[in-house]
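Colleague: So here's final.cif, just mmCIF, C-alpha atoms and all ligand atoms:
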data_my_file
loop_
_atom_site.label_atom_id
_atom_site.label_comp_id
_atom_site.auth_asym_id
_atom_site.auth_seq_id
_atom_site.Cartn_x
_atom_site.Cartn_y
_atom_site.Cartn_z
CA MET A 12 8.36 -21.47 0.46
CA GLU A 13 9.39 -23.24 3.70
CA GLY A 14 12.43 -21.62 5.20
CA LYS A 15 12.70 -18.64 2.88
CA VAL A 16 12.21 -15.38 4.77
CA ILE A 17 10.48 -12.60 2.85
CA ASN A 18 11.86 -9.16 3.70
CA ILE A 19 9.06 -6.60 3.66
CA GLY A 20 9.46 -2.85 3.09
CA ILE A 21 6.45 -0.63 3.81
CA LEU A 22 5.96 2.78 2.21
CA VAL A 23 3.80 5.23 4.14
CA SER A 24 2.79 8.89 4.16
CA GLY A 25 0.48 9.21 7.15
CA ARG A 26 -1.20 7.50 10.07
CA GLY A 27 0.08 3.97 9.48
CA SER A 28 -2.78 1.91 10.88
CA ASN A 29 -2.58 -0.64 8.05
CA MET A 30 1.18 -0.78 8.49
CA GLU A 31 0.70 -1.50 12.18
CA ALA A 32 -1.92 -4.18 11.52
CA ILE A 33 0.59 -5.98 9.29
CA ILE A 34 3.47 -5.57 11.75
CA ARG A 35 1.29 -7.05 14.51
CA LYS A 36 0.38 -10.09 12.42
CA VAL A 37 4.07 -10.69 11.73
CA GLU A 38 4.89 -10.30 15.43
CA GLU A 39 2.09 -12.68 16.41
CA GLY A 40 3.40 -15.29 13.97
CA TYR A 41 0.22 -15.23 11.88
CA ILE A 42 2.41 -14.16 8.96
CA LYS A 43 5.34 -16.56 9.21
CA ASN A 44 8.67 -16.47 7.41
CA ALA A 45 8.48 -12.70 6.92
CA LYS A 46 10.17 -9.70 8.49
CA VAL A 47 9.29 -6.03 8.18
CA VAL A 48 12.79 -4.67 7.67
CA VAL A 49 12.12 -1.01 6.94
CA VAL A 50 9.33 1.59 6.88
CA ILE A 51 9.95 4.50 4.52
CA SER A 52 7.90 7.69 4.66
CA SER A 53 7.44 10.44 2.11
CA ARG A 54 6.48 12.75 4.98
CA ARG A 55 8.78 13.72 7.82
CA ASP A 56 5.90 14.08 10.30
CA ALA A 57 4.00 10.87 9.41
CA PRO A 58 2.67 9.30 12.65
CA ALA A 59 3.45 5.92 11.03
CA LEU A 60 7.17 6.50 11.70
CA GLU A 61 6.76 6.66 15.46
CA LYS A 62 4.44 3.64 15.40
CA ALA A 63 6.97 1.58 13.45
CA ARG A 64 9.82 2.58 15.78
CA ALA A 65 7.69 1.49 18.76
CA HIS A 66 7.78 -1.99 17.20
CA GLY A 67 11.55 -1.81 16.85
CA ILE A 68 11.46 -1.37 13.08
CA GLU A 69 13.94 0.81 11.25
CA THR A 70 12.38 3.92 9.72
CA LEU A 71 13.53 6.36 7.08
CA PHE A 72 12.17 9.64 5.83
CA ILE A 73 13.14 10.26 2.22
CA ASP A 74 12.39 13.84 1.27
CA PRO A 75 10.48 14.12 -2.00
CA LYS A 76 11.13 17.88 -1.98
CA ASP A 77 7.66 18.53 -3.44
CA PHE A 78 8.74 17.19 -6.84
CA TRP A 79 5.10 17.05 -7.96
CA LYS A 80 5.02 20.86 -7.94
CA GLU A 81 7.48 20.97 -10.84
CA PRO A 82 5.43 22.47 -13.70
CA ASP A 83 7.37 20.90 -16.58
CA PRO A 84 5.92 17.36 -16.96
CA GLU A 85 9.13 15.83 -18.30
CA LYS A 86 11.24 17.27 -15.54
CA ARG A 87 8.61 16.23 -13.00
CA GLU A 88 8.79 12.62 -14.20
CA ARG A 89 12.58 12.73 -14.03
CA LEU A 90 12.37 13.94 -10.44
CA ARG A 91 9.85 11.19 -9.63
CA VAL A 92 12.21 8.51 -10.96
CA GLU A 93 15.13 10.06 -9.06
CA TYR A 94 13.06 9.95 -5.88
CA ASP A 95 12.01 6.37 -6.49
CA LYS A 96 15.63 5.40 -7.14
CA ASN A 97 16.51 6.73 -3.70
CA ILE A 98 13.82 4.49 -2.21
CA ILE A 99 14.93 1.49 -4.26
CA ALA A 100 18.53 1.96 -3.06
CA GLU A 101 17.34 1.65 0.54
CA LEU A 102 15.13 -1.34 -0.24
CA GLU A 103 17.99 -3.10 -2.02
CA LYS A 104 20.39 -2.48 0.86
CA ARG A 105 17.98 -4.46 3.01
CA ASN A 106 17.17 -7.16 0.44
CA VAL A 107 13.49 -6.26 0.39
CA ASN A 108 11.50 -8.64 -1.78
CA LEU A 109 7.94 -7.43 -1.03
CA VAL A 110 6.91 -3.76 -1.05
CA LEU A 111 3.67 -2.74 0.68
CA LEU A 112 2.03 0.62 0.09
CA ALA A 113 0.10 1.54 3.23
CA GLY A 114 -1.44 4.97 2.87
CA TYR A 115 1.47 5.97 0.61
CA MET A 116 0.18 9.00 -1.20
CA LEU A 117 2.72 9.37 -4.03
CA LYS A 118 2.33 7.72 -7.39
CA LEU A 119 5.18 5.31 -8.10
CA SER A 120 7.14 5.73 -11.32
CA PRO A 121 6.92 3.04 -14.02
CA TYR A 122 10.63 2.48 -13.27
CA PHE A 123 9.83 1.41 -9.71
CA ILE A 124 6.83 -0.68 -10.73
CA ARG A 125 8.77 -2.59 -13.40
CA LYS A 126 11.60 -3.23 -10.99
CA TYR A 127 9.28 -4.81 -8.40
CA LYS A 128 6.70 -6.22 -10.79
CA GLY A 129 4.32 -8.58 -8.99
CA ARG A 130 5.95 -7.71 -5.69
CA ILE A 131 4.13 -4.46 -4.77
CA MET A 132 0.77 -4.44 -3.01
CA ASN A 133 -1.58 -1.58 -2.20
CA ILE A 134 -4.76 -1.18 -0.18
CA HIS A 135 -7.51 1.10 -1.38
CA PRO A 136 -10.68 2.03 0.54
CA SER A 137 -13.26 1.08 -2.10
CA LEU A 138 -14.37 -1.91 -4.11
CA LEU A 139 -12.20 -1.32 -7.15
CA PRO A 140 -12.70 -0.57 -9.98
CA ALA A 141 -15.25 1.76 -8.31
CA PHE A 142 -13.93 5.00 -6.85
CA PRO A 143 -10.19 4.97 -7.54
CA GLY A 144 -8.03 7.94 -6.58
CA LEU A 145 -8.41 10.30 -3.69
CA ASN A 146 -11.29 10.45 -1.18
CA ALA A 147 -12.75 7.08 -2.13
CA GLN A 148 -15.09 7.04 0.86
CA LYS A 149 -16.53 10.46 -0.03
CA GLN A 150 -16.89 9.38 -3.64
CA ALA A 151 -18.92 6.34 -2.49
CA LEU A 152 -21.16 8.46 -0.24
CA ASP A 153 -21.72 11.07 -2.95
CA TYR A 154 -22.58 8.38 -5.48
CA GLY A 155 -25.16 6.85 -3.16
CA VAL A 156 -23.93 3.24 -3.24
CA LYS A 157 -25.41 0.91 -0.63
CA TYR A 158 -22.23 -1.11 -0.32
CA THR A 159 -18.60 -0.20 -0.63
CA GLY A 160 -15.50 -1.74 0.92
CA CYS A 161 -11.79 -2.15 0.40
CA THR A 162 -9.42 -3.83 -2.02
CA VAL A 163 -5.89 -5.22 -1.79
CA HIS A 164 -4.28 -5.41 -5.21
CA PHE A 165 -0.95 -5.77 -6.91
CA VAL A 166 0.30 -2.46 -8.23
CA ASP A 167 0.63 -1.88 -11.94
CA GLU A 168 1.33 1.28 -13.90
CA GLU A 169 -2.20 2.67 -13.57
CA VAL A 170 -3.47 4.13 -10.32
CA ASP A 171 -5.56 1.73 -8.16
CA HIS A 172 -5.79 -0.70 -11.05
CA GLY A 173 -3.65 -3.86 -10.77
CA PRO A 174 -4.82 -7.47 -10.26
CA ILE A 175 -7.13 -7.81 -7.27
CA ILE A 176 -6.01 -10.09 -4.43
CA LEU A 177 -8.75 -9.66 -1.80
CA GLN A 178 -11.80 -7.47 -1.26
CA ALA A 179 -14.19 -6.96 1.63
CA VAL A 180 -17.69 -5.52 1.41
CA VAL A 181 -18.91 -2.86 3.84
CA PRO A 182 -22.51 -1.56 4.01
CA VAL A 183 -23.19 2.16 3.71
CA HIS A 184 -25.68 3.46 6.27
CA ASP A 185 -28.15 6.30 5.57
CA ASP A 186 -26.68 8.44 8.32
CA ASP A 187 -23.02 7.76 7.45
CA THR A 188 -20.50 10.58 7.32
CA VAL A 189 -17.12 10.25 5.64
CA GLU A 190 -15.70 9.61 9.11
CA THR A 191 -18.11 6.84 10.17
CA LEU A 192 -17.89 5.10 6.81
CA SER A 193 -14.08 5.37 6.73
CA GLU A 194 -13.88 3.84 10.18
CA ARG A 195 -16.09 0.89 9.18
CA ILE A 196 -14.00 0.32 6.04
CA LEU A 197 -10.72 0.66 7.96
CA LYS A 198 -11.62 -2.26 10.26
CA LYS A 199 -11.94 -4.46 7.18
CA GLU A 200 -8.70 -3.05 5.71
CA HIS A 201 -6.90 -4.24 8.83
CA GLU A 202 -8.24 -7.75 8.20
CA ILE A 203 -7.67 -8.18 4.48
CA TYR A 204 -4.26 -6.50 4.09
CA PRO A 205 -2.44 -8.81 6.53
CA GLU A 206 -4.35 -11.74 5.04
CA ALA A 207 -3.16 -10.86 1.52
CA VAL A 208 0.40 -10.55 2.79
CA ARG A 209 0.15 -13.95 4.48
CA LEU A 210 -1.09 -15.55 1.24
CA TYR A 211 1.79 -13.98 -0.70
CA VAL A 212 4.41 -15.03 1.82
CA GLU A 213 3.05 -18.59 1.82
CA GLY A 214 3.35 -18.67 -1.97
CA LYS A 215 -0.40 -19.03 -2.45
CA LEU A 216 -1.00 -16.25 -4.97
CA GLU A 217 -0.82 -16.94 -8.67
CA VAL A 218 -1.32 -14.03 -11.06
CA LEU A 219 -2.94 -14.91 -14.37
CA GLY A 220 -3.36 -11.69 -16.34
CA ARG A 221 -5.80 -9.57 -14.36
CA LYS A 222 -6.82 -12.47 -12.15
CA VAL A 223 -5.23 -13.60 -8.94
CA LYS A 224 -5.81 -17.24 -8.15
CA ILE A 225 -5.59 -18.21 -4.49
CA LYS A 226 -4.11 -21.67 -4.22
CA SER A 227 -5.23 -23.84 -1.35
C1 LIG B 301 -6.35 3.84 4.23
O1 LIG B 301 -7.74 4.00 4.34
C2 LIG B 301 -5.96 3.37 2.84
O2 LIG B 301 -6.88 2.48 2.30
C3 LIG B 301 -5.96 4.67 2.10
O3 LIG B 301 -5.37 5.60 2.97
C4 LIG B 301 -5.62 5.20 4.32
C5 LIG B 301 -4.33 5.09 5.05
O4 LIG B 301 -4.55 4.84 6.41
N1 LIG B 301 -5.22 4.56 0.88
C6 LIG B 301 -5.56 5.15 -0.25
O5 LIG B 301 -6.54 5.88 -0.36
C7 LIG B 301 -4.65 4.85 -1.43
N2 LIG B 301 -5.27 5.18 -2.67
P1 LIG B 301 -3.40 4.27 7.32
O6 LIG B 301 -2.19 5.19 7.10
O7 LIG B 301 -3.93 4.38 8.72
O8 LIG B 301 -3.13 2.86 6.88
#
Represent the supplied structure as structure tokens.
Modeller:
Amino acid sequence: MEGKVINIGILVSGRGSNMEAIIRKVEEGYIKNAKVVVVISSRRDAPALEKARAHGIETLFIDPKDFWKEPDPEKRERLRVEYDKNIIAELEKRNVNLVLLAGYMLKLSPYFIRKYKGRIMNIHPSLLPAFPGLNAQKQALDYGVKYTGCTVHFVDEEVDHGPIILQAVVPVHDDDTVETLSERILKKEHEIYPEAVRLYVEGKLEVLGRKVKIKS
């Protein structure tokens, strides 16, 4: 992969701490031969946008116009694809070859996922396949697990499901609240997401069905 620069596009909806952890590792040269070329938000007021701009990165807000509220399922899916096509147009303008979901709260359409197959990563705050979906930390607390953690995976057409790249284990304490547990998990997220990106950029990830082999 020597010499080839990977253009990264990050999709966000909120705080953007994982986004910032990745941007920092690129800036520090820990992730080499990569450039974060655009951050796209589904929410106008996402704090991630300001954070990205502070690093000199171009940001865009693409308005989803609450398409998920459309009651007719077929029309809703059409609107989802239309929205995703707007995102893809911006990614293509900037020759993005790796898409990172970092607290991006909309489900991508199969159209998007097929287009960037094997080139979309997500981070989820649990040890998948446990506790997919929303409020993973609360799900873990409610279930009573002693350990939880976080997972970086390639995105496929099912939510929080694709081939697993890296995971980190985090203990659950008896007196944990959703906040204290989330904070402990988040620290690990900030370690494994940039690490997964580095491995990808260095050409060290090989996907074999559900399994991701890390080449040395
Ligand atoms: C992170 O904890 C991330 O794992 C989670 O949202 C948070 C975003 O924080 N993502 C999901 O739950 C996706 N299913 P951030 O905006 O500070 O990175």
Colleague: Using only C-alpha atoms, can you list as a ChimeraX atom specification the residues within 7 Å of (-10.5, -3.9, -5.8)?
Modeller: /A:137-140,161-164,175,178
Colleague: Would you kindly return, as a list in words, each protein, DNA or RNA residue with an atom no farther than 12 Å from any atom of Lys199 of chain A, considering all atoms listed in the file and excluding same-chain residues fewer than 5 positions away?
Modeller: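 Here the answer would be Ser28, Asn29, Ala32, Ile134, His135, Pro136, Ser137, Leu138, Thr159, Gly160, Cys161, Thr162, Val163, Leu177, Gln178, Ala179, Val180, Val181, Pro182, Leu192, Ser193, Glu194, Tyr204, Pro205 and Glu206 of chain A.
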Colleague: Of the residues A:Leu117, A:Ala63, A:Leu152, A:Leu210, which is the one nearest to Asp186 of chain A, using only C-alpha atoms?
Modeller: A:Leu152
Colleague: Using all atoms listed in the file, determine which residues fall within 9 Å of ligand LIG 301 (chain B), then list them as JSON, numbers by chain.
Modeller: {"A": [23, 24, 25, 26, 27, 28, 29, 30, 31, 32, 57, 58, 59, 112, 113, 114, 115, 116, 133, 134, 135, 136, 137, 143, 144, 145, 146, 147, 148, 161, 162, 163, 170, 171, 193, 194, 196, 197, 200, 201]}
Colleague: So which one's closest to Leu102 of chain A, A:Phe78, A:Tyr122, A:Tyr127, A:Tyr211? Using only C-alpha atoms, please.
Modeller: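 Of all the options, A:Tyr127 lies closest to Leu102 of chain A.
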Colleague: Taking 3 positions as the minimum chain separation for residues in the same chain, which residues sit within 9 Å of segment 41-48 of chain A when counting only C-alpha atoms? Answer as a PyMOL selection string.
Modeller: chain A and resi 12-21+33-38+68-70+102+105-107+205-206+208-210+212-213
Colleague: Filtering to C-alpha atoms, could you give me those residues as a PDB file, in the coordinates of the input?
Modeller:
ATOM      1  CA  MET A  12       8.360 -21.470   0.460  1.00  0.00           C
ATOM      2  CA  GLU A  13       9.390 -23.240   3.700  1.00  0.00           C
ATOM      3  CA  GLY A  14      12.430 -21.620   5.200  1.00  0.00           C
ATOM      4  CA  LYS A  15      12.700 -18.640   2.880  1.00  0.00           C
ATOM      5  CA  VAL A  16      12.210 -15.380   4.770  1.00  0.00           C
ATOM      6  CA  ILE A  17      10.480 -12.600   2.850  1.00  0.00           C
ATOM      7  CA  ASN A  18      11.860  -9.160   3.700  1.00  0.00           C
ATOM      8  CA  ILE A  19       9.060  -6.600   3.660  1.00  0.00           C
ATOM      9  CA  GLY A  20       9.460  -2.850   3.090  1.00  0.00           C
ATOM     10  CA  ILE A  21       6.450  -0.630   3.810  1.00  0.00           C
ATOM     11  CA  ILE A  33       0.590  -5.980   9.290  1.00  0.00           C
ATOM     12  CA  ILE A  34       3.470  -5.570  11.750  1.00  0.00           C
ATOM     13  CA  ARG A  35       1.290  -7.050  14.510  1.00  0.00           C
ATOM     14  CA  LYS A  36       0.380 -10.090  12.420  1.00  0.00           C
ATOM     15  CA  VAL A  37       4.070 -10.690  11.730  1.00  0.00           C
ATOM     16  CA  GLU A  38       4.890 -10.300  15.430  1.00  0.00           C
ATOM     17  CA  ILE A  68      11.460  -1.370  13.080  1.00  0.00           C
ATOM     18  CA  GLU A  69      13.940   0.810  11.250  1.00  0.00           C
ATOM     19  CA  THR A  70      12.380   3.920   9.720  1.00  0.00           C
ATOM     20  CA  LEU A 102      15.130  -1.340  -0.240  1.00  0.00           C
ATOM     21  CA  ARG A 105      17.980  -4.460   3.010  1.00  0.00           C
ATOM     22  CA  ASN A 106      17.170  -7.160   0.440  1.00  0.00           C
ATOM     23  CA  VAL A 107      13.490  -6.260   0.390  1.00  0.00           C
ATOM     24  CA  PRO A 205      -2.440  -8.810   6.530  1.00  0.00           C
ATOM     25  CA  GLU A 206      -4.350 -11.740   5.040  1.00  0.00           C
ATOM     26  CA  VAL A 208       0.400 -10.550   2.790  1.00  0.00           C
ATOM     27  CA  ARG A 209       0.150 -13.950   4.480  1.00  0.00           C
ATOM     28  CA  LEU A 210      -1.090 -15.550   1.240  1.00  0.00           C
ATOM     29  CA  VAL A 212       4.410 -15.030   1.820  1.00  0.00           C
ATOM     30  CA  GLU A 213       3.050 -18.590   1.820  1.00  0.00           C
TER      31      GLU A 213
END
